[in-house]
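Novice: Input file: input-v3.csv. Contents: CSV, C-alpha atoms.
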```csv
chain,number,residue,atom,x,y,z
A,176,MET,CA,24.2,0.3,32.1
A,177,ALA,CA,23.2,-3.2,31.0
A,178,THR,CA,23.3,-4.5,27.5
A,179,ALA,CA,20.7,-6.9,26.2
A,180,THR,CA,21.7,-8.6,23.0
A,181,ALA,CA,19.3,-10.4,20.7
A,182,GLU,CA,21.0,-12.9,18.5
A,183,ILE,CA,18.0,-13.0,16.1
A,184,ALA,CA,15.7,-10.1,15.7
A,185,PRO,CA,12.1,-10.9,16.9
A,186,VAL,CA,9.5,-11.2,14.1
A,187,VAL,CA,6.1,-9.9,14.9
A,188,SER,CA,3.3,-9.6,12.4
A,189,ALA,CA,5.6,-9.8,9.4
A,190,GLU,CA,7.6,-6.8,10.7
A,191,ARG,CA,11.3,-7.0,11.5
A,192,LEU,CA,13.4,-5.3,14.0
A,193,ARG,CA,16.3,-3.6,12.1
A,194,SER,CA,19.7,-4.1,13.4
A,195,GLY,CA,21.0,-1.3,15.5
A,196,THR,CA,21.4,0.1,19.1
A,197,THR,CA,18.5,1.8,20.8
A,198,LEU,CA,18.1,3.2,24.3
A,199,ALA,CA,15.1,2.2,26.4
A,200,ASP,CA,13.9,4.4,29.3
A,201,VAL,CA,13.3,2.1,32.2
A,202,ASP,CA,12.7,4.6,35.1
A,203,ASN,CA,14.0,3.4,38.4
A,204,LYS,CA,13.1,-0.3,38.1
A,205,ARG,CA,15.7,-2.6,39.8
A,206,GLU,CA,14.1,-6.0,39.3
A,207,PRO,CA,14.1,-8.0,36.1
A,208,PHE,CA,11.5,-6.5,33.8
A,209,VAL,CA,10.1,-6.5,30.3
A,210,VAL,CA,10.8,-3.4,28.2
A,211,ASP,CA,7.7,-1.8,26.8
A,212,PRO,CA,8.3,-2.0,23.1
A,213,SER,CA,6.8,1.4,22.7
A,214,ASP,CA,9.8,2.7,24.6
A,215,ILE,CA,12.1,1.3,22.0
A,216,SER,CA,12.5,3.6,19.1
A,217,VAL,CA,13.9,1.5,16.3
A,218,GLY,CA,12.9,3.3,13.2
A,219,LYS,CA,10.7,6.1,12.0
A,220,ASP,CA,7.3,5.9,13.8
A,221,GLU,CA,7.7,2.2,14.3
A,222,ARG,CA,6.3,0.4,17.3
A,223,ARG,CA,7.2,-3.1,18.2
A,224,GLU,CA,5.1,-5.8,19.9
A,225,ALA,CA,8.1,-7.8,20.9
A,226,LYS,CA,8.7,-8.3,24.6
A,227,ILE,CA,12.4,-8.3,25.5
A,228,LEU,CA,13.3,-9.6,28.9
A,229,VAL,CA,16.0,-7.5,30.5
A,230,LYS,CA,17.8,-8.4,33.7
A,231,PHE,CA,18.7,-5.1,35.2
A,232,THR,CA,21.8,-5.2,37.4
A,233,GLN,CA,23.4,-1.8,37.2
A,234,SER,CA,22.6,1.8,37.4
A,235,PRO,CA,21.9,4.4,36.0
A,236,PRO,CA,18.4,3.1,35.2
A,237,SER,CA,18.6,2.9,31.5
A,238,VAL,CA,19.4,0.1,29.1
A,239,THR,CA,20.9,-0.2,25.7
A,240,VAL,CA,19.3,-2.8,23.5
A,241,THR,CA,21.4,-3.9,20.6
A,242,THR,CA,19.8,-6.0,17.9
A,243,VAL,CA,22.8,-7.5,16.2
A,244,ALA,CA,21.1,-9.3,13.3
A,245,GLU,CA,18.4,-8.5,10.9
A,246,ILE,CA,16.5,-11.4,9.6
A,247,PRO,CA,16.8,-11.5,5.8
A,248,SER,CA,13.5,-11.3,4.1
A,249,ALA,CA,12.4,-14.0,1.7
A,250,ARG,CA,10.1,-11.5,0.1
A,251,PRO,CA,11.5,-9.9,-3.1
A,252,ASP,CA,11.2,-6.2,-3.8
A,253,THR,CA,9.7,-6.9,-7.2
A,254,ILE,CA,7.9,-9.8,-8.8
A,255,LEU,CA,6.5,-10.6,-12.2
A,256,PHE,CA,2.7,-11.3,-11.9
A,257,GLY,CA,1.5,-14.1,-14.1
A,258,ALA,CA,-1.5,-15.6,-12.4
A,259,LEU,CA,-4.6,-13.9,-13.7
A,260,THR,CA,-7.6,-15.8,-12.4
A,261,ASN,CA,-10.3,-14.4,-14.6
A,262,PRO,CA,-11.0,-17.2,-17.1
A,263,GLU,CA,-12.1,-14.7,-19.8
A,264,LEU,CA,-8.7,-12.9,-19.8
A,265,ARG,CA,-5.2,-13.9,-20.4
A,266,LEU,CA,-1.8,-12.3,-19.9
A,267,ARG,CA,0.2,-11.4,-23.0
A,268,ARG,CA,3.2,-11.0,-20.7
A,269,PRO,CA,3.8,-10.9,-17.0
A,270,ILE,CA,3.1,-7.7,-15.1
A,271,PRO,CA,6.0,-6.2,-13.1
A,272,LEU,CA,4.9,-5.4,-9.6
A,273,MET,CA,6.7,-3.6,-6.7
A,274,VAL,CA,6.4,-5.4,-3.4
A,275,SER,CA,6.3,-3.3,-0.2
A,276,GLU,CA,5.3,-3.7,3.3
A,277,GLU,CA,3.1,-1.2,5.1
A,278,ALA,CA,1.8,-1.7,8.6
A,279,GLY,CA,2.4,-5.4,8.4
A,280,HIS,CA,0.5,-5.8,5.1
A,281,VAL,CA,1.9,-6.7,1.7
A,282,VAL,CA,1.2,-4.0,-0.9
A,283,LEU,CA,1.7,-4.7,-4.6
A,284,THR,CA,2.0,-1.8,-7.0
A,285,TRP,CA,1.9,-1.7,-10.7
A,286,ALA,CA,3.7,1.6,-11.1
A,287,GLU,CA,2.9,2.2,-14.7
A,288,THR,CA,-0.8,2.3,-14.0
A,289,ASP,CA,-0.9,3.3,-10.3
A,290,GLU,CA,-2.9,0.1,-9.7
A,291,PHE,CA,-2.3,-1.6,-6.4
A,292,SER,CA,-3.5,-4.3,-4.1
A,293,CYS,CA,-2.9,-5.3,-0.5
A,294,GLY,CA,-3.3,-8.2,1.8
A,295,SER,CA,-2.2,-9.7,5.0
A,296,SER,CA,0.0,-12.1,3.1
A,297,MET,CA,1.6,-12.2,-0.3
A,298,GLY,CA,-1.0,-14.7,-1.5
A,299,GLU,CA,-3.8,-12.5,-0.4
A,300,ALA,CA,-2.3,-9.5,-2.1
A,301,LEU,CA,-1.8,-11.4,-5.3
A,302,ASP,CA,-5.4,-12.6,-5.2
A,303,ASP,CA,-6.5,-9.0,-4.6
A,304,PHE,CA,-4.4,-7.8,-7.5
A,305,SER,CA,-5.8,-10.4,-9.8
A,306,LYS,CA,-9.3,-9.3,-9.1
A,307,ALA,CA,-8.5,-5.6,-9.2
A,308,VAL,CA,-6.7,-5.7,-12.5
A,309,SER,CA,-9.2,-7.9,-14.2
A,310,GLU,CA,-12.1,-5.7,-13.2
A,311,LEU,CA,-10.2,-2.6,-14.3
A,312,PHE,CA,-9.4,-4.1,-17.6
A,313,VAL,CA,-13.0,-4.9,-18.3
A,314,GLU,CA,-14.2,-1.5,-17.1
A,315,LEU,CA,-11.7,0.5,-19.2
A,316,ASN,CA,-12.4,-1.6,-22.3
A,317,GLY,CA,-16.2,-1.3,-22.0
A,318,ALA,CA,-18.0,-0.5,-25.2
A,319,ASP,CA,-19.7,2.7,-23.9
A,320,VAL,CA,-16.9,4.0,-21.8
A,321,LYS,CA,-15.3,7.3,-22.7
A,322,LEU,CA,-12.0,7.9,-20.9
A,323,GLY,CA,-10.0,11.0,-20.1
A,324,GLU,CA,-6.4,11.2,-21.3
A,325,ASP,CA,-4.8,9.6,-18.3
A,326,LEU,CA,-7.1,6.7,-18.1
A,327,GLU,CA,-6.8,6.2,-21.8
A,328,ARG,CA,-3.1,5.9,-21.2
A,329,VAL,CA,-3.8,3.3,-18.5
A,330,ARG,CA,-6.0,1.4,-20.8
A,331,HIS,CA,-3.4,1.4,-23.5
A,332,ILE,CA,-0.8,0.0,-21.1
A,333,MET,CA,-3.2,-2.6,-19.7
A,334,ASN,CA,-3.9,-3.8,-23.2
A,335,GLU,CA,-0.2,-4.4,-23.8
A,336,TYR,CA,-0.3,-6.9,-20.9
A,337,ILE,CA,-3.8,-8.3,-20.9
A,338,GLU,CA,-6.2,-9.5,-23.6
A,339,ARG,CA,-9.5,-11.3,-23.8
A,340,ARG,CA,-9.4,-15.0,-24.6
A,341,LYS,CA,-10.7,-15.8,-28.0
A,342,GLN,CA,-14.1,-17.4,-28.0
A,343,ARG,CA,-14.1,-21.0,-29.4
B,287,MET,CA,-17.6,11.2,-7.5
B,288,GLU,CA,-19.8,8.3,-8.4
B,289,THR,CA,-19.4,5.1,-6.5
B,290,ARG,CA,-20.3,1.4,-6.9
B,291,ASP,CA,-20.1,-1.3,-4.4
B,292,SER,CA,-19.4,-4.7,-6.0
B,293,GLY,CA,-17.6,-6.4,-3.1
B,294,GLU,CA,-15.1,-3.6,-3.5
B,295,LEU,CA,-15.9,0.1,-3.4
B,296,HIS,CA,-15.2,1.7,-6.7
B,297,ALA,CA,-15.2,5.5,-7.2
B,298,TRP,CA,-14.8,7.5,-10.3
B,299,LEU,CA,-15.1,11.0,-11.5
B,300,VAL,CA,-16.9,11.8,-14.8
B,301,HIS,CA,-16.0,15.2,-16.4
B,302,GLU,CA,-17.5,16.3,-19.6
B,303,GLY,CA,-18.7,12.8,-20.3
B,304,LYS,CA,-15.4,11.1,-19.7
B,305,VAL,CA,-14.1,9.1,-16.8
B,306,VAL,CA,-11.1,11.1,-15.8
B,307,VAL,CA,-10.1,9.6,-12.4
B,308,ARG,CA,-10.9,6.4,-10.7
B,309,THR,CA,-9.9,4.5,-7.5
B,310,ARG,CA,-11.1,1.6,-5.5
B,311,ARG,CA,-11.0,0.2,-2.0
B,312,SER,CA,-10.8,-3.5,-1.5
B,313,HIS,CA,-13.2,-5.2,0.8
B,314,GLY,CA,-10.8,-8.1,1.2
B,315,LYS,CA,-9.8,-9.7,4.5
B,316,ALA,CA,-7.2,-7.1,5.0
B,317,LYS,CA,-8.5,-4.0,6.9
B,318,TYR,CA,-5.5,-2.0,5.9
B,319,VAL,CA,-6.1,0.8,3.4
B,320,PRO,CA,-2.9,2.1,1.6
B,321,VAL,CA,-4.1,5.7,1.5
B,322,ASP,CA,-1.0,6.8,-0.3
B,323,LYS,CA,-1.8,4.6,-3.2
B,324,ILE,CA,-5.4,5.9,-3.3
B,325,ARG,CA,-4.0,9.5,-3.2
B,326,CYS,CA,-1.8,8.8,-6.2
B,327,GLN,CA,-4.8,7.4,-8.1
B,328,LEU,CA,-6.7,10.6,-7.3
B,329,LYS,CA,-3.8,12.7,-8.6
B,330,VAL,CA,-3.5,14.9,-5.5
B,331,ASN,CA,-0.9,15.7,-3.0
B,332,GLU,CA,-1.2,14.9,0.7
B,333,ALA,CA,-2.7,18.3,1.7
B,334,GLN,CA,-5.2,18.1,-1.1
B,335,PHE,CA,-6.1,14.5,-0.3
B,336,PHE,CA,-6.9,15.3,3.4
B,337,GLY,CA,-8.8,18.3,2.1
B,338,LEU,CA,-10.9,16.0,0.0
B,339,ILE,CA,-11.5,13.7,3.0
B,340,ALA,CA,-12.5,16.7,5.2
B,341,CYS,CA,-14.6,18.2,2.4
B,342,HIS,CA,-12.4,21.3,2.5
B,343,VAL,CA,-11.7,20.7,-1.2
B,344,SER,CA,-14.8,21.3,-3.3
B,345,LYS,CA,-15.6,19.6,-6.6
B,346,GLN,CA,-14.7,22.8,-8.4
B,347,ASP,CA,-11.4,22.9,-6.4
B,348,TYR,CA,-10.7,19.3,-7.3
B,349,LEU,CA,-11.4,19.9,-11.0
B,350,GLN,CA,-9.0,22.9,-10.9
B,351,ILE,CA,-6.3,20.6,-9.3
B,352,LEU,CA,-6.8,18.2,-12.2
B,353,ILE,CA,-6.6,21.0,-14.7
B,354,ASP,CA,-3.4,22.3,-13.2
B,355,LYS,CA,-1.9,18.8,-13.3
B,356,GLY,CA,-3.0,18.3,-16.9
B,357,VAL,CA,-5.2,15.4,-16.1
B,358,ILE,CA,-8.2,17.2,-17.7
B,359,SER,CA,-8.2,20.1,-20.1
B,360,LYS,CA,-9.4,23.6,-19.4
B,361,PRO,CA,-13.1,24.2,-20.2
B,362,ASN,CA,-13.6,25.9,-23.5
```
What is this structure when it is put down as structure tokens?

Specialist:
Amino acid sequence: MATATAEIAPVVSAERLRSGTTLADVDNKREPFVVDPSDISVGKDERREAKILVKFTQSPPSVTVTTVAEIPSARPDTILFGALTNPELRLRRPIPLMVSEEAGHVVLTWAETDEFSCGSSMGEALDDFSKAVSELFVELNGADVKLGEDLERVRHIMNEYIERRKQR
Amino acid sequence: METRDSGELHAWLVHEGKVVVRTRRSHGKAKYVPVDKIRCQLKVNEAQFFGLIACHVSKQDYLQILIDKGVISKPN
């Protein structure tokens, strides 16, 4: 059994290999080879695009891959959103957002209102959130709009965070 | 549900003259659709959500789900 050790976990499409030991099925190959990342089960339903070169020298024909380090993420779990781009609106106070990563995309969630946005980067997700929340605010505060109880609650929460700029 | 495409796809359900549920799908660069977030906005569980997609859940079924969850009130 050979052991391949990665000093730093590979980063592919904003996904990270978690630290841990996994077993890769390598059939009966005896030459140096590249492990198919789909053969490496690192976490729940996760597939990796990383190619890990393994020099195979011993039998039985299987290899343990140990990822010894997990790259710390610079991305926080929560942020305070304060960059509303709609010039007609302003924030009364910053909006607390949960930051998560799904399939290599950044997803921002305003839990109180179930509003969300996503993007391939944090910047794109923030931009999407700004547009989404602005449009929702305008919609919910429309003069002719009648809302059900739940959306009335959402409107009430939004109005605690967002207001229209006063006309000069 | 009624829909509107304004660069983003918006969908909402009007019941007895009131908007009771709404969701949207971004048309941004990202192709990814966080279905779980959309499911939460529609106030359904996973089975009900996939039933809606597959049209196994009718409008009447959906209204009953929303009544059961207290999102809308029972018809008088």

Novice: Residues of chain B that approach chain A to 12 Å or less, counting all atoms listed in the file: could you list each one with the shortest pair of atoms and its distance in Å to one decimal, rows by chain and increasing residue number, as JSON lines?

Specialist:
```
{"residue": "B:Ser292", "atom": "CA", "partner": "A:Glu310", "partner_atom": "CA", "distance": 10.3}
{"residue": "B:Gly293", "atom": "CA", "partner": "A:Lys306", "partner_atom": "CA", "distance": 10.6}
{"residue": "B:Glu294", "atom": "CA", "partner": "A:Ala307", "partner_atom": "CA", "distance": 8.9}
{"residue": "B:Leu295", "atom": "CA", "partner": "A:Ala307", "partner_atom": "CA", "distance": 11.0}
{"residue": "B:His296", "atom": "CA", "partner": "A:Leu311", "partner_atom": "CA", "distance": 10.1}
{"residue": "B:Ala297", "atom": "CA", "partner": "A:Leu311", "partner_atom": "CA", "distance": 11.9}
{"residue": "B:Trp298", "atom": "CA", "partner": "A:Leu322", "partner_atom": "CA", "distance": 11.0}
{"residue": "B:Leu299", "atom": "CA", "partner": "A:Gly323", "partner_atom": "CA", "distance": 10.0}
{"residue": "B:Val300", "atom": "CA", "partner": "A:Gly323", "partner_atom": "CA", "distance": 8.7}
{"residue": "B:His301", "atom": "CA", "partner": "A:Gly323", "partner_atom": "CA", "distance": 8.2}
{"residue": "B:Glu302", "atom": "CA", "partner": "A:Gly323", "partner_atom": "CA", "distance": 9.2}
{"residue": "B:Gly303", "atom": "CA", "partner": "A:Lys321", "partner_atom": "CA", "distance": 6.9}
{"residue": "B:Lys304", "atom": "CA", "partner": "A:Leu322", "partner_atom": "CA", "distance": 4.8}
{"residue": "B:Val305", "atom": "CA", "partner": "A:Leu322", "partner_atom": "CA", "distance": 4.8}
{"residue": "B:Val306", "atom": "CA", "partner": "A:Gly323", "partner_atom": "CA", "distance": 4.4}
{"residue": "B:Val307", "atom": "CA", "partner": "A:Leu326", "partner_atom": "CA", "distance": 7.1}
{"residue": "B:Arg308", "atom": "CA", "partner": "A:Leu326", "partner_atom": "CA", "distance": 8.3}
{"residue": "B:Thr309", "atom": "CA", "partner": "A:Glu290", "partner_atom": "CA", "distance": 8.6}
{"residue": "B:Arg310", "atom": "CA", "partner": "A:Ala307", "partner_atom": "CA", "distance": 8.5}
{"residue": "B:Arg311", "atom": "CA", "partner": "A:Ser292", "partner_atom": "CA", "distance": 9.0}
{"residue": "B:Ser312", "atom": "CA", "partner": "A:Asp303", "partner_atom": "CA", "distance": 7.6}
{"residue": "B:His313", "atom": "CA", "partner": "A:Asp303", "partner_atom": "CA", "distance": 9.4}
{"residue": "B:Gly314", "atom": "CA", "partner": "A:Asp303", "partner_atom": "CA", "distance": 7.3}
{"residue": "B:Lys315", "atom": "CA", "partner": "A:Gly294", "partner_atom": "CA", "distance": 7.2}
{"residue": "B:Ala316", "atom": "CA", "partner": "A:Gly294", "partner_atom": "CA", "distance": 5.2}
{"residue": "B:Lys317", "atom": "CA", "partner": "A:Gly294", "partner_atom": "CA", "distance": 8.4}
{"residue": "B:Tyr318", "atom": "CA", "partner": "A:His280", "partner_atom": "CA", "distance": 7.1}
{"residue": "B:Val319", "atom": "CA", "partner": "A:Cys293", "partner_atom": "CA", "distance": 7.9}
{"residue": "B:Pro320", "atom": "CA", "partner": "A:Glu277", "partner_atom": "CA", "distance": 7.7}
{"residue": "B:Val321", "atom": "CA", "partner": "A:Glu277", "partner_atom": "CA", "distance": 10.6}
{"residue": "B:Asp322", "atom": "CA", "partner": "A:Phe291", "partner_atom": "CA", "distance": 10.5}
{"residue": "B:Lys323", "atom": "CA", "partner": "A:Phe291", "partner_atom": "CA", "distance": 7.0}
{"residue": "B:Ile324", "atom": "CA", "partner": "A:Phe291", "partner_atom": "CA", "distance": 8.7}
{"residue": "B:Arg325", "atom": "CA", "partner": "A:Asp289", "partner_atom": "CA", "distance": 9.9}
{"residue": "B:Cys326", "atom": "CA", "partner": "A:Asp289", "partner_atom": "CA", "distance": 6.9}
{"residue": "B:Gln327", "atom": "CA", "partner": "A:Asp289", "partner_atom": "CA", "distance": 6.1}
{"residue": "B:Leu328", "atom": "CA", "partner": "A:Asp289", "partner_atom": "CA", "distance": 9.8}
{"residue": "B:Lys329", "atom": "CA", "partner": "A:Asp289", "partner_atom": "CA", "distance": 10.0}
{"residue": "B:Leu352", "atom": "CA", "partner": "A:Asp325", "partner_atom": "CA", "distance": 10.7}
{"residue": "B:Ile353", "atom": "CA", "partner": "A:Glu324", "partner_atom": "CA", "distance": 11.8}
{"residue": "B:Lys355", "atom": "CA", "partner": "A:Asp325", "partner_atom": "CA", "distance": 10.9}
{"residue": "B:Gly356", "atom": "CA", "partner": "A:Asp325", "partner_atom": "CA", "distance": 9.0}
{"residue": "B:Val357", "atom": "CA", "partner": "A:Asp325", "partner_atom": "CA", "distance": 6.2}
{"residue": "B:Ile358", "atom": "CA", "partner": "A:Gly323", "partner_atom": "CA", "distance": 6.9}
{"residue": "B:Ser359", "atom": "CA", "partner": "A:Glu324", "partner_atom": "CA", "distance": 9.2}
```

Novice: Given all atoms listed in the file as the basis, pick out the residue of A:Gln342, A:Met273, A:Val329, A:Asn261 nearest to Glu310 in chain A.

Specialist: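 Ranked by minimum distance to Glu310 in chain A, first place goes to A:Asn261.
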
Novice: Expressed in Å to a single decimal, how great is the separation between CA of Met297 in chain A and CA of Ala249 in chain A?

Specialist: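 We find that CA of Met297 in chain A and CA of Ala249 in chain A lie 11.1 Å from each other.
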
Novice: Kindly give the distance, in Å, that separates CA of Glu288 in chain B and CA of Val343 in chain B, rounded to a single decimal.

Specialist: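 CA of Val343 in chain B lies 16.5 Å from CA of Glu288 in chain B.
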
Novice: To one decimal place in Å, what is the distance between CA of Arg267 in chain A and CA of Glu338 in chain A?

Specialist: 6.7 Å

Novice: Dump as a VMD selection string all residues having an atom at most 7 Å from (2.4, -8.9, -15.9), computed in the file's coordinates with all atoms listed in the file.

Specialist: chain A and resid 255 to 257 266 268 to 271 336

Novice: Out of A:Glu314, A:Ser305, A:Leu283, A:Glu276, which residue has the shortest atom-to-atom distance to Ile254 in chain A when counting only C-alpha atoms?

Specialist: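 Comparing A:Glu314, A:Ser305, A:Leu283, A:Glu276 against Ile254 in chain A, the winner is A:Leu283.
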
Novice: Around the point (-17.5, 11.1, -1.4) (coordinates from the file), which residues reach within 9 Å if we count only C-alpha atoms? Answer as a PyMOL selection string.

Specialist: chain B and resi 287-289+297+338-339+341
